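Visitor: Input file: final.pdb. Contents: PDB, C-alpha atoms and all ligand atoms.
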ATOM      1  CA  ILE A   1      72.381 128.275 137.246
ATOM      2  CA  THR A   2      73.836 124.788 137.803
ATOM      3  CA  GLN A   3      70.675 123.375 136.325
ATOM      4  CA  LEU A   4      71.539 125.196 133.162
ATOM      5  CA  TYR A   5      75.093 123.936 133.018
ATOM      6  CA  GLY A   6      74.192 120.273 133.387
ATOM      7  CA  PRO A   7      72.715 119.702 129.957
ATOM      8  CA  LEU A   8      75.285 121.984 128.386
ATOM      9  CA  THR A   9      78.172 119.931 129.690
ATOM     10  CA  TRP A  10      76.441 116.762 128.630
ATOM     11  CA  PHE A  11      75.882 118.212 125.197
ATOM     12  CA  GLY A  12      79.482 119.379 125.016
ATOM     13  CA  THR A  13      80.838 115.917 125.700
ATOM     14  CA  TYR A  14      78.442 114.304 123.311
ATOM     15  CA  TYR A  15      79.207 116.828 120.619
ATOM     16  CA  ARG A  16      82.931 116.287 120.990
ATOM     17  CA  VAL A  17      82.492 112.526 120.530
ATOM     18  CA  ILE A  18      80.486 113.044 117.352
ATOM     19  CA  GLN A  19      82.920 115.620 116.090
ATOM     20  CA  LYS A  20      85.878 113.334 116.737
ATOM     21  CA  ASN A  21      84.388 110.452 114.782
ATOM     22  CA  PHE A  22      83.600 112.849 112.017
ATOM     23  CA  ILE A  23      87.171 114.059 111.796
ATOM     24  CA  ASP A  24      88.528 110.487 111.824
ATOM     25  CA  MET A  25      86.246 109.550 108.966
ATOM     26  CA  GLU A  26      87.189 112.642 107.016
ATOM     27  CA  LYS A  27      90.865 111.928 107.421
ATOM     28  CA  LEU A  28      90.527 108.369 106.239
ATOM     29  CA  LEU A  29      88.580 109.404 103.175
ATOM     30  CA  GLU A  30      91.162 112.035 102.407
ATOM     31  CA  LEU A  31      93.543 109.192 101.515
ATOM     32  CA  PHE A  32      91.523 108.495  98.459
ATOM     33  CA  ASP A  33      90.465 112.008  97.494
ATOM     34  CA  GLU A  34      86.859 113.019  97.787
ATOM     35  CA  PRO A  35      84.743 110.026  96.839
ATOM     36  CA  ILE A  36      81.365 110.294  95.185
ATOM     37  CA  GLU A  37      78.581 108.698  97.199
ATOM     38  CA  VAL A  38      78.287 105.006  96.378
ATOM     39  CA  LYS A  39      75.094 103.346  97.559
ATOM     40  CA  ASP A  40      74.896 100.088  99.475
ATOM     41  CA  PRO A  41      72.701  97.423  97.872
ATOM     42  CA  GLU A  42      69.136  97.174  99.153
ATOM     43  CA  PHE A  43      69.574  93.498 100.012
ATOM     44  CA  PRO A  44      73.275  93.053 100.780
ATOM     45  CA  ALA A  45      74.798  89.599 100.814
ATOM     46  CA  PRO A  46      77.195  88.864 103.672
ATOM     47  CA  LEU A  47      80.773  89.147 102.429
ATOM     48  CA  ASN A  48      82.721  85.960 103.000
ATOM     49  CA  VAL A  49      86.454  86.246 102.519
ATOM     50  CA  PRO A  50      87.894  82.846 103.392
ATOM     51  CA  ASN A  51      90.794  83.162 100.944
ATOM     52  CA  GLY A  52      91.025  86.717  99.666
ATOM     53  CA  GLU A  53      91.213  86.166  95.935
ATOM     54  CA  ILE A  54      90.766  89.383  93.927
ATOM     55  CA  VAL A  55      89.512  89.443  90.341
ATOM     56  CA  PHE A  56      89.211  92.487  88.080
ATOM     57  CA  ASP A  57      87.115  91.314  85.165
ATOM     58  CA  ASN A  58      87.167  93.673  82.174
ATOM     59  CA  VAL A  59      86.891  96.786  84.305
ATOM     60  CA  SER A  60      86.439 100.173  82.654
ATOM     61  CA  PHE A  61      86.041 103.413  84.554
ATOM     62  CA  SER A  62      86.068 107.161  84.054
ATOM     63  CA  TYR A  63      85.924 110.042  86.548
ATOM     64  CA  ASP A  64      84.455 112.281  83.877
ATOM     65  CA  ARG A  65      84.340 111.898  80.093
ATOM     66  CA  GLN A  66      87.791 110.437  79.571
ATOM     67  CA  LEU A  67      88.289 106.716  80.252
ATOM     68  CA  THR A  68      90.726 106.311  83.153
ATOM     69  CA  LEU A  69      90.769 102.503  83.070
ATOM     70  CA  LYS A  70      90.116 100.470  79.940
ATOM     71  CA  ASN A  71      89.255  96.768  80.041
ATOM     72  CA  VAL A  72      91.450  96.036  83.009
ATOM     73  CA  SER A  73      91.537  92.316  83.805
ATOM     74  CA  PHE A  74      93.771  90.606  86.317
ATOM     75  CA  LYS A  75      93.614  88.137  89.148
ATOM     76  CA  VAL A  76      95.409  88.145  92.474
ATOM     77  CA  PRO A  77      95.298  84.527  93.674
ATOM     78  CA  ALA A  78      94.737  84.094  97.404
ATOM     79  CA  GLY A  79      97.881  84.814  99.388
ATOM     80  CA  SER A  80      99.908  86.045  96.418
ATOM     81  CA  THR A  81     101.395  89.462  95.667
ATOM     82  CA  VAL A  82     100.641  91.516  92.595
ATOM     83  CA  ALA A  83     102.472  94.781  92.000
ATOM     84  CA  ILE A  84     101.201  97.633  89.854
ATOM     85  CA  VAL A  85     103.722  99.942  88.223
ATOM     86  CA  GLY A  86     103.432 102.627  85.577
ATOM     87  CA  PRO A  87     103.872 106.324  84.887
ATOM     88  CA  SER A  88     102.224 109.010  86.991
ATOM     89  CA  GLY A  89      98.544 109.375  86.142
ATOM     90  CA  SER A  90      98.319 105.961  84.464
ATOM     91  CA  GLY A  91      95.539 104.778  86.797
ATOM     92  CA  LYS A  92      97.307 102.833  89.555
ATOM     93  CA  SER A  93      95.557 104.482  92.507
ATOM     94  CA  THR A  94      92.246 104.318  90.687
ATOM     95  CA  ILE A  95      92.521 100.517  90.714
ATOM     96  CA  LEU A  96      92.802 100.583  94.523
ATOM     97  CA  ARG A  97      89.967 103.107  94.866
ATOM     98  CA  LEU A  98      87.700 100.836  92.824
ATOM     99  CA  LEU A  99      88.623  97.819  94.928
ATOM    100  CA  PHE A 100      87.478  99.840  97.968
ATOM    101  CA  ARG A 101      84.388 100.772  96.017
ATOM    102  CA  PHE A 102      84.896 104.491  96.489
ATOM    103  CA  TYR A 103      83.537 104.580  92.961
ATOM    104  CA  ASP A 104      81.597 102.058  90.925
ATOM    105  CA  VAL A 105      82.977 100.531  87.761
ATOM    106  CA  GLN A 106      81.254 101.576  84.559
ATOM    107  CA  ALA A 107      81.808  98.220  82.878
ATOM    108  CA  GLY A 108      83.017  94.849  84.059
ATOM    109  CA  ARG A 109      83.111  93.718  87.677
ATOM    110  CA  ILE A 110      85.352  93.302  90.672
ATOM    111  CA  LEU A 111      85.128  90.076  92.642
ATOM    112  CA  ILE A 112      86.481  89.095  96.035
ATOM    113  CA  ASP A 113      86.386  85.334  96.526
ATOM    114  CA  GLY A 114      83.867  85.199  93.719
ATOM    115  CA  GLN A 115      81.523  87.852  95.157
ATOM    116  CA  ASP A 116      80.800  91.049  93.231
ATOM    117  CA  ILE A 117      81.751  93.880  95.591
ATOM    118  CA  ARG A 118      78.617  95.830  94.582
ATOM    119  CA  GLY A 119      76.491  93.169  96.276
ATOM    120  CA  VAL A 120      77.867  93.666  99.792
ATOM    121  CA  LEU A 121      77.949  96.414 102.419
ATOM    122  CA  GLN A 122      80.793  98.907 102.000
ATOM    123  CA  THR A 123      81.639  98.632 105.694
ATOM    124  CA  GLN A 124      82.112  94.870 105.320
ATOM    125  CA  LEU A 125      84.173  95.320 102.192
ATOM    126  CA  ARG A 126      86.504  97.816 103.849
ATOM    127  CA  GLN A 127      86.828  95.643 106.935
ATOM    128  CA  ALA A 128      88.177  92.847 104.737
ATOM    129  CA  ILE A 129      90.967  95.017 103.325
ATOM    130  CA  GLY A 130      93.907  96.584 105.118
ATOM    131  CA  VAL A 131      95.710  99.600 103.705
ATOM    132  CA  VAL A 132      99.157 100.963 104.314
ATOM    133  CA  PRO A 133      99.061 104.277 102.458
ATOM    134  CA  GLN A 134     101.946 106.415 101.209
ATOM    135  CA  ASP A 135     101.559 108.880 103.977
ATOM    136  CA  THR A 136      99.912 107.347 106.990
ATOM    137  CA  VAL A 137      97.274 109.471 108.609
ATOM    138  CA  LEU A 138      97.688 109.387 112.359
ATOM    139  CA  PHE A 139      95.196 110.927 114.744
ATOM    140  CA  ASN A 140      96.283 113.425 117.337
ATOM    141  CA  ASP A 141      95.958 110.870 120.098
ATOM    142  CA  SER A 142      98.048 108.167 121.791
ATOM    143  CA  ILE A 143     100.050 105.479 119.988
ATOM    144  CA  ARG A 144      97.726 102.937 121.603
ATOM    145  CA  TYR A 145      94.656 104.639 120.094
ATOM    146  CA  ASN A 146      96.302 104.869 116.701
ATOM    147  CA  ILE A 147      97.119 101.158 116.589
ATOM    148  CA  ALA A 148      93.777 100.078 118.086
ATOM    149  CA  TYR A 149      92.099 102.095 115.353
ATOM    150  CA  GLY A 150      92.801  99.122 113.090
ATOM    151  CA  ARG A 151      89.796  97.461 114.603
ATOM    152  CA  ALA A 152      87.600 100.540 114.864
ATOM    153  CA  GLY A 153      84.067  99.846 113.743
ATOM    154  CA  THR A 154      84.118  96.204 114.757
ATOM    155  CA  ASN A 155      82.404  95.048 117.925
ATOM    156  CA  GLY A 156      85.307  93.036 119.262
ATOM    157  CA  GLY A 157      87.058  94.884 122.099
ATOM    158  CA  VAL A 158      90.740  95.557 121.625
ATOM    159  CA  THR A 159      92.911  94.545 124.561
ATOM    160  CA  MET A 160      96.315  95.967 125.409
ATOM    161  CA  THR A 161      97.769  92.548 124.561
ATOM    162  CA  ASP A 162      96.303  92.863 121.057
ATOM    163  CA  VAL A 163      97.921  96.282 120.660
ATOM    164  CA  THR A 164     101.355  95.279 121.933
ATOM    165  CA  GLY A 165     101.239  92.076 119.862
ATOM    166  CA  ALA A 166     100.556  94.062 116.709
ATOM    167  CA  ALA A 167     103.306  96.556 117.551
ATOM    168  CA  ASP A 168     105.678  93.675 118.090
ATOM    169  CA  GLY A 169     104.776  92.226 114.690
ATOM    170  CA  ALA A 170     105.529  95.596 113.129
ATOM    171  CA  HIS A 171     108.888  95.719 114.970
ATOM    172  CA  ILE A 172     108.041  98.893 116.842
ATOM    173  CA  HIS A 173     107.144  97.581 120.317
ATOM    174  CA  ASP A 174     110.642  98.053 121.799
ATOM    175  CA  ARG A 175     110.793 101.546 120.380
ATOM    176  CA  ILE A 176     107.480 102.478 121.973
ATOM    177  CA  MET A 177     108.567 101.041 125.325
ATOM    178  CA  GLY A 178     111.576 103.345 125.147
ATOM    179  CA  PHE A 179     109.370 106.468 125.070
ATOM    180  CA  PRO A 180     108.674 107.993 128.522
ATOM    181  CA  ASP A 181     104.911 107.615 128.101
ATOM    182  CA  GLN A 182     105.206 104.334 126.186
ATOM    183  CA  TYR A 183     101.856 103.411 124.562
ATOM    184  CA  GLU A 184     100.259 106.584 125.929
ATOM    185  CA  THR A 185     102.694 108.769 123.977
ATOM    186  CA  ARG A 186     100.806 111.429 122.056
ATOM    187  CA  VAL A 187     101.778 111.408 118.410
ATOM    188  CA  GLY A 188     100.935 115.074 117.794
ATOM    189  CA  GLU A 189      99.037 116.683 114.955
ATOM    190  CA  ARG A 190      99.116 114.263 111.979
ATOM    191  CA  GLY A 191     101.659 112.193 113.899
ATOM    192  CA  GLN A 192     104.367 114.807 113.491
ATOM    193  CA  ARG A 193     106.142 113.741 116.670
ATOM    194  CA  LEU A 194     107.001 110.400 115.057
ATOM    195  CA  SER A 195     109.516 109.843 112.283
ATOM    196  CA  GLY A 196     108.395 108.708 108.838
ATOM    197  CA  GLY A 197     109.534 105.167 109.561
ATOM    198  CA  GLU A 198     107.755 105.064 112.929
ATOM    199  CA  LYS A 199     104.539 106.298 111.359
ATOM    200  CA  GLN A 200     104.686 103.568 108.744
ATOM    201  CA  ARG A 201     105.232 100.969 111.433
ATOM    202  CA  VAL A 202     102.209 102.224 113.340
ATOM    203  CA  ALA A 203     100.243 101.788 110.099
ATOM    204  CA  ILE A 204     101.606  98.252 109.755
ATOM    205  CA  ALA A 205     100.703  97.481 113.390
ATOM    206  CA  ARG A 206      97.206  98.875 112.772
ATOM    207  CA  THR A 207      96.821  96.552 109.783
ATOM    208  CA  LEU A 208      98.160  93.534 111.695
ATOM    209  CA  LEU A 209      95.568  94.206 114.392
ATOM    210  CA  LYS A 210      92.854  94.419 111.777
ATOM    211  CA  ASP A 211      94.125  91.095 110.405
ATOM    212  CA  PRO A 212      92.542  91.330 106.937
ATOM    213  CA  ARG A 213      92.879  88.648 104.236
ATOM    214  CA  ILE A 214      93.727  91.391 101.743
ATOM    215  CA  VAL A 215      96.334  94.119 102.053
ATOM    216  CA  CYS A 216      96.894  97.117  99.793
ATOM    217  CA  LEU A 217     100.148  99.005  99.912
ATOM    218  CA  ASP A 218     100.852 102.333  98.332
ATOM    219  CA  GLU A 219     104.600 102.624  98.371
ATOM    220  CA  ALA A 220     105.942 105.982  99.514
ATOM    221  CA  THR A 221     107.414 108.062  96.706
ATOM    222  CA  SER A 222     109.491 110.098  99.104
ATOM    223  CA  ALA A 223     112.349 107.940 100.224
ATOM    224  CA  LEU A 224     112.933 107.159 103.854
ATOM    225  CA  ASP A 225     116.574 106.775 104.791
ATOM    226  CA  THR A 226     118.207 103.577 103.602
ATOM    227  CA  THR A 227     118.400 101.671 106.871
ATOM    228  CA  THR A 228     114.862 102.619 107.872
ATOM    229  CA  GLU A 229     113.553 101.550 104.495
ATOM    230  CA  ARG A 230     115.355  98.232 104.635
ATOM    231  CA  ASN A 231     113.900  97.523 108.087
ATOM    232  CA  ILE A 232     110.427  98.554 106.977
ATOM    233  CA  GLN A 233     110.693  96.136 104.081
ATOM    234  CA  THR A 234     111.113  93.329 106.605
ATOM    235  CA  SER A 235     107.988  94.388 108.515
ATOM    236  CA  LEU A 236     106.062  94.725 105.261
ATOM    237  CA  ARG A 237     107.135  91.276 104.126
ATOM    238  CA  ASP A 238     105.997  89.778 107.436
ATOM    239  CA  MET A 239     102.654  91.527 107.074
ATOM    240  CA  THR A 240     102.043  90.460 103.487
ATOM    241  CA  GLN A 241     103.114  86.860 104.036
ATOM    242  CA  ASN A 242     100.056  84.666 103.503
ATOM    243  CA  ARG A 243      97.857  87.657 102.727
ATOM    244  CA  THR A 244      96.640  88.632  99.295
ATOM    245  CA  THR A 245      98.641  91.743  98.490
ATOM    246  CA  LEU A 246      98.159  94.467  95.923
ATOM    247  CA  ILE A 247     100.988  96.973  95.879
ATOM    248  CA  ILE A 248     101.502 100.203  93.969
ATOM    249  CA  ALA A 249     105.252 100.365  93.554
ATOM    250  CA  HIS A 250     107.495 103.245  92.600
ATOM    251  CA  ARG A 251     110.789 101.474  93.111
ATOM    252  CA  LEU A 252     111.092  98.301  91.078
ATOM    253  CA  SER A 253     113.655  96.955  93.532
ATOM    254  CA  THR A 254     110.914  96.398  96.112
ATOM    255  CA  ILE A 255     108.812  94.197  93.844
ATOM    256  CA  ILE A 256     111.382  91.857  92.327
ATOM    257  CA  HIS A 257     109.785  89.005  94.266
ATOM    258  CA  ALA A 258     106.159  89.828  93.411
ATOM    259  CA  ASP A 259     104.254  86.882  91.945
ATOM    260  CA  GLN A 260     103.086  89.113  89.145
ATOM    261  CA  ILE A 261     103.845  92.642  87.990
ATOM    262  CA  LEU A 262     101.308  94.637  85.999
ATOM    263  CA  ILE A 263     102.512  97.568  83.922
ATOM    264  CA  VAL A 264      99.768 100.144  83.532
ATOM    265  CA  LYS A 265      99.936 102.842  80.886
ATOM    266  CA  ASP A 266      97.124 105.250  79.992
ATOM    267  CA  GLY A 267      94.625 103.136  81.916
ATOM    268  CA  GLU A 268      95.510  99.834  80.291
ATOM    269  CA  ILE A 269      97.598  96.882  81.394
ATOM    270  CA  VAL A 270     100.204  96.831  78.651
ATOM    271  CA  GLU A 271     102.548  94.185  80.060
ATOM    272  CA  ARG A 272     102.445  91.564  82.801
ATOM    273  CA  GLY A 273     104.709  88.890  84.190
ATOM    274  CA  THR A 274     107.301  88.213  86.830
ATOM    275  CA  HIS A 275     110.370  90.428  87.110
ATOM    276  CA  ALA A 276     112.499  87.754  85.410
ATOM    277  CA  GLU A 277     110.021  87.297  82.569
ATOM    278  CA  LEU A 278     109.670  91.027  81.989
ATOM    279  CA  ILE A 279     113.370  91.883  81.924
ATOM    280  CA  ALA A 280     114.043  88.942  79.602
ATOM    281  CA  ASP A 281     112.316  90.954  76.864
ATOM    282  CA  SER A 282     114.543  93.906  76.046
ATOM    283  CA  SER A 283     111.776  95.510  73.997
ATOM    284  CA  SER A 284     109.419  95.721  77.005
ATOM    285  CA  LEU A 285     108.490  98.924  78.750
ATOM    286  CA  TYR A 286     109.399  97.249  82.020
ATOM    287  CA  TYR A 287     112.889  96.537  80.708
ATOM    288  CA  ASP A 288     113.319 100.273  79.988
ATOM    289  CA  MET A 289     112.045 101.200  83.444
ATOM    290  CA  TRP A 290     114.395  98.703  85.062
ATOM    291  CA  MET A 291     117.389  99.911  83.037
ATOM    292  CA  LYS A 292     116.580 103.503  83.952
ATOM    293  CA  GLN A 293     116.542 102.626  87.658
ATOM    294  CA  LEU A 294     119.848 100.797  87.276
ATOM    295  CA  THR A 295     121.428 103.766  85.484
ATOM    296  CA  ASP A 296     120.125 106.158  88.137
ATOM    297  CA  ALA A 297     121.595 103.844  90.743
ATOM    298  CA  VAL A 298     124.994 103.748  89.072
ATOM    299  CA  ASN A 299     125.020 107.529  88.667
ATOM    300  CA  ALA A 300     124.126 108.057  92.291
ATOM    301  CA  SER A 301     126.361 105.131  93.294
ATOM    302  CA  TYR A 302     124.033 103.020  95.386
ATOM    303  CA  ASP A 303     122.937  99.439  95.127
ATOM    304  CA  PRO A 304     119.320  99.414  93.906
ATOM    305  CA  ILE A 305     118.572  96.090  95.501
ATOM    306  CA  LEU A 306     120.362  96.500  98.796
ATOM    307  CA  ASP A 307     119.359 100.151  99.149
ATOM    308  CA  PRO A 308     115.734 100.197  98.029
ATOM    309  CA  ALA A 309     115.256 103.617  99.625
ATOM    310  CA  ASN A 310     116.701 105.300  96.610
TER     311      ASN A 310
HETATM  312  P1  LIG A 401     100.440 108.580  90.502
HETATM  313  O1  LIG A 401     101.523 107.591  90.272
HETATM  314  O2  LIG A 401     100.865 109.962  90.116
HETATM  315  O3  LIG A 401      99.819 108.524  91.856
HETATM  316  P2  LIG A 401      98.301 107.010  89.303
HETATM  317  O4  LIG A 401      98.818 106.079  88.294
HETATM  318  O5  LIG A 401      97.968 106.468  90.630
HETATM  319  O6  LIG A 401      99.261 108.264  89.429
HETATM  320  P3  LIG A 401      95.518 107.865  89.265
HETATM  321  O7  LIG A 401      95.566 108.632  90.540
HETATM  322  O8  LIG A 401      94.825 106.557  89.285
HETATM  323  O9  LIG A 401      96.989 107.684  88.662
HETATM  324  O10 LIG A 401      94.849 108.803  88.169
HETATM  325  C1  LIG A 401      94.571 108.380  86.853
HETATM  326  C2  LIG A 401      93.964 109.520  86.069
HETATM  327  O11 LIG A 401      92.721 109.894  86.621
HETATM  328  C3  LIG A 401      94.819 110.781  86.071
HETATM  329  O12 LIG A 401      94.752 111.355  84.790
HETATM  330  C4  LIG A 401      94.151 111.667  87.088
HETATM  331  O13 LIG A 401      94.327 113.021  86.792
HETATM  332  C5  LIG A 401      92.704 111.265  86.968
HETATM  333  N1  LIG A 401      91.989 111.422  88.251
HETATM  334  C6  LIG A 401      92.359 110.908  89.442
HETATM  335  N2  LIG A 401      91.469 111.217  90.398
HETATM  336  C7  LIG A 401      90.506 111.952  89.802
HETATM  337  C8  LIG A 401      89.292 112.564  90.255
HETATM  338  N3  LIG A 401      88.910 112.457  91.538
HETATM  339  N4  LIG A 401      88.559 113.238  89.355
HETATM  340  C9  LIG A 401      88.938 113.331  88.072
HETATM  341  N5  LIG A 401      90.064 112.783  87.580
HETATM  342  C10 LIG A 401      90.851 112.091  88.419
END
Would it be possible to restate this file's structure as structure tokens?
Guide:
Amino acid sequence: ITQLYGPLTWFGTYYRVIQKNFIDMEKLLELFDEPIEVKDPEFPAPLNVPNGEIVFDNVSFSYDRQLTLKNVSFKVPAGSTVAIVGPSGSGKSTILRLLFRFYDVQAGRILIDGQDIRGVLQTQLRQAIGVVPQDTVLFNDSIRYNIAYGRAGTNGGVTMTDVTGAADGAHIHDRIMGFPDQYETRVGERGQRLSGGEKQRVAIARTLLKDPRIVCLDEATSALDTTTERNIQTSLRDMTQNRTTLIIAHRLSTIIHADQILIVKDGEIVERGTHAELIADSSSLYYDMWMKQLTDAVNASYDPILDPAN
């Protein structure tokens, strides 16, 4: 009898490991909807990202017949921040999905430090880019595991010092130390035992641990409370300092300091410039969007700059 159990137990353990990795992968992909299979090149070039410059060169793309992006061209110089704003369905997330090569462009090209992303391995590409999504996916595991996940897939071992350092950078270390189980605290299914702000900080810590040259942020549409949001902004600013940053913004107040703002409408970049340049033109779409946010702020009596949560 025991002879029978041996292999079964072994198989059980092994199966659980496979299953777990499978679920993790699935959850990560979920962030970007179901991607179509994109093939790695037969002879991939090694991806070198010394600076992290991003170039979209005349990119056009469609999911089906309709063009979702039309001749999109922009550059994010190394270390700078470019924000993408625009109405719902205009193509903002699609730009990020293409950068991750979840789909291939139908015309044009996307370059990272001069290299076409179709010429490199997808794993290398995704290792070079950190993401802080709208709604962070946490695994039903410990806080330590969830932060260390930032370096999953790389060969370098993650030490506890790495994890606590990253948590400290995301301003959540003290908080974690206040929990009875500290870094071994289980976050629960989808991280439900943590608050929205704590989850975002874990995502920031994960990205700091990954230490990519490029960071993509998808700003949460659902507002966190004002104080939390203001504190998160500090952690985000620390993270994006000296990293090339592409941010999808819903609240214009959070991108006033972006080096460049792109306004996307129906898959095209219709306006671009700094906040000051864009609001100087009262006939711009951006000017209308800004005025609308100001009016909403006055009606709801909050300060749009000091209280970006709204
Ligand atoms: P939001 O601000 O609401 O998130 P967005 O600007 O990010 O919108 P995208 O998600 O990029 O917009 O979508 C652009 C267009 O492409 C939309 O019309 C959307 O319906 C369509 N679209 C997005 N994903 C798919 C898909 N997987 N298959 C087909 N069409 C899609």
Visitor: Considering only C-alpha atoms and all ligand atoms, tabulate each residue of chain A that lies at most 8 Å from ligand LIG 401 (chain A) along with its nearest interatomic pair and the corresponding distance in Å to one decimal; arrange the rows by chain and ascending residue number and present them as a tab-separated table.
Guide:
residue	atom	partner	partner_atom	distance
A:Asp33	CA	A:LIG401	N3	6.2
A:Glu34	CA	A:LIG401	N3	6.6
A:Pro35	CA	A:LIG401	N3	7.2
A:Ser62	CA	A:LIG401	O11	7.6
A:Tyr63	CA	A:LIG401	C9	4.7
A:Asp64	CA	A:LIG401	C9	6.2
A:Thr68	CA	A:LIG401	O11	5.4
A:Leu69	CA	A:LIG401	C1	8.0
A:Val85	CA	A:LIG401	O4	7.9
A:Gly86	CA	A:LIG401	O4	6.4
A:Pro87	CA	A:LIG401	O1	6.0
A:Ser88	CA	A:LIG401	O2	3.5
A:Gly89	CA	A:LIG401	O9	3.4
A:Ser90	CA	A:LIG401	O4	3.9
A:Gly91	CA	A:LIG401	O8	3.1
A:Lys92	CA	A:LIG401	O4	3.8
A:Ser93	CA	A:LIG401	O5	3.6
A:Thr94	CA	A:LIG401	O8	3.7
A:Ile95	CA	A:LIG401	O8	6.6
A:Ile248	CA	A:LIG401	O5	7.9
A:His250	CA	A:LIG401	O1	7.7
A:Val264	CA	A:LIG401	O4	7.7
A:Asp266	CA	A:LIG401	C1	8.0
A:Gly267	CA	A:LIG401	C1	7.2
Visitor: For the provided coordinates, the residues matched by the PyMOL selection byres (((chain A and resi 215) around 9) and not hetatm) should be stated as a PyMOL selection string.
Guide: chain A and resi 128-132+207+212-214+216-217+239-240+243-247
Visitor: Just say which residues the PyMOL selection byres (((chain A and resi 36-43) around 12) and not hetatm) picks in this file, as a list of chain:residue names.
Guide: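 What the PyMOL selection byres (((chain A and resi 36-43) around 12) and not hetatm) grabs from the file is A:Leu29, A:Phe32, A:Asp33, A:Glu34, A:Pro35, A:Pro44, A:Ala45, A:Pro46, A:Tyr63, A:Asp64, A:Arg97, A:Leu98, A:Phe100, A:Arg101, A:Phe102, A:Tyr103, A:Asp104, A:Val105, A:Asp116, A:Ile117, A:Arg118, A:Gly119, A:Val120, A:Leu121, A:Gln122, A:Thr123, A:Gln124, A:Leu125.
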Visitor: With the file shown as input, list the residues that the PyMOL selection byres (((chain A and resi 172-188) around 12) and not hetatm) selects, as a compact mmCIF listing (two decimals) with C-alpha atoms, in the coordinates of the input.
Guide:
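Saved the output as out.txt:
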# COMPACT_ATOMS: atom_id res chain seq x y z
CA VAL A 137 97.27 109.47 108.61
CA LEU A 138 97.69 109.39 112.36
CA PHE A 139 95.20 110.93 114.74
CA ASN A 140 96.28 113.42 117.34
CA ASP A 141 95.96 110.87 120.10
CA SER A 142 98.05 108.17 121.79
CA ILE A 143 100.05 105.48 119.99
CA ARG A 144 97.73 102.94 121.60
CA TYR A 145 94.66 104.64 120.09
CA ASN A 146 96.30 104.87 116.70
CA ILE A 147 97.12 101.16 116.59
CA ALA A 148 93.78 100.08 118.09
CA MET A 160 96.32 95.97 125.41
CA THR A 161 97.77 92.55 124.56
CA ASP A 162 96.30 92.86 121.06
CA VAL A 163 97.92 96.28 120.66
CA THR A 164 101.36 95.28 121.93
CA GLY A 165 101.24 92.08 119.86
CA ALA A 166 100.56 94.06 116.71
CA ALA A 167 103.31 96.56 117.55
CA ASP A 168 105.68 93.68 118.09
CA GLY A 169 104.78 92.23 114.69
CA ALA A 170 105.53 95.60 113.13
CA HIS A 171 108.89 95.72 114.97
CA GLU A 189 99.04 116.68 114.96
CA ARG A 190 99.12 114.26 111.98
CA GLY A 191 101.66 112.19 113.90
CA GLN A 192 104.37 114.81 113.49
CA ARG A 193 106.14 113.74 116.67
CA LEU A 194 107.00 110.40 115.06
CA SER A 195 109.52 109.84 112.28
CA GLY A 196 108.40 108.71 108.84
CA GLY A 197 109.53 105.17 109.56
CA GLU A 198 107.76 105.06 112.93
CA LYS A 199 104.54 106.30 111.36
CA GLN A 200 104.69 103.57 108.74
CA ARG A 201 105.23 100.97 111.43
CA VAL A 202 102.21 102.22 113.34
CA ALA A 203 100.24 101.79 110.10
CA ILE A 204 101.61 98.25 109.76
CA ALA A 205 100.70 97.48 113.39
CA ARG A 206 97.21 98.88 112.77
CA THR A 228 114.86 102.62 107.87
CA ASN A 231 113.90 97.52 108.09
CA ILE A 232 110.43 98.55 106.98
CA SER A 235 107.99 94.39 108.52
Visitor: Would you work out the distance separating atom CA of A:Arg251 from atom CA of A:Trp290, expressed in Å to one decimal?
Guide: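 Going from atom CA of A:Arg251 over to atom CA of A:Trp290 covers 9.2 Å.
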Visitor: Please indicate the distance in Å from atom CA of A:Arg237 to atom CA of A:Gly52, rounded to one decimal place.
Guide: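 Distance reported for this atom pair: 17.3 Å.
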Visitor: Using all atoms listed in the file, find the one residue out of A:Ala107, A:Ile84, A:Val72, A:Leu67 that sits nearest to A:Ala258.
Guide: A:Ile84
Visitor: Can you tell me which residues surround stretch 269-283 of chain A at a distance of at most 8 Å, considering only C-alpha atoms, apart from same-chain residues fewer than 2 positions away, and format the answer as a list of chain:residue names?
Guide: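 In the requested form, the answer reads A:Val72, A:Ser73, A:Ile255, A:Ile256, A:His257, A:Ala258, A:Asp259, A:Gln260, A:Ile261, A:Leu262, A:Ile263, A:Val264, A:Lys265, A:Gly267, A:Leu285, A:Tyr286, A:Tyr287, A:Asp288, A:Trp290.
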Visitor: Could you save those same residues with C-alpha atoms as a compact mmCIF listing (two decimals), in the coordinates of the input?
Guide:
# COMPACT_ATOMS: atom_id res chain seq x y z
CA VAL A 72 91.45 96.04 83.01
CA SER A 73 91.54 92.32 83.80
CA ILE A 255 108.81 94.20 93.84
CA ILE A 256 111.38 91.86 92.33
CA HIS A 257 109.78 89.00 94.27
CA ALA A 258 106.16 89.83 93.41
CA ASP A 259 104.25 86.88 91.94
CA GLN A 260 103.09 89.11 89.14
CA ILE A 261 103.84 92.64 87.99
CA LEU A 262 101.31 94.64 86.00
CA ILE A 263 102.51 97.57 83.92
CA VAL A 264 99.77 100.14 83.53
CA LYS A 265 99.94 102.84 80.89
CA GLY A 267 94.62 103.14 81.92
CA LEU A 285 108.49 98.92 78.75
CA TYR A 286 109.40 97.25 82.02
CA TYR A 287 112.89 96.54 80.71
CA ASP A 288 113.32 100.27 79.99
CA TRP A 290 114.40 98.70 85.06
Visitor: Would you work out the distance separating atom CA of A:Ser60 from atom CA of A:Glu268, expressed in Å to one decimal?
Guide: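 For atom CA of A:Ser60 relative to atom CA of A:Glu268, the distance reads 9.4 Å.
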Visitor: Taking into account all atoms listed in the file, which residue in the set A:Thr136, A:Gln241, A:Ala83, A:Pro77 is nearest to A:Ser253?
Guide: A:Ala83
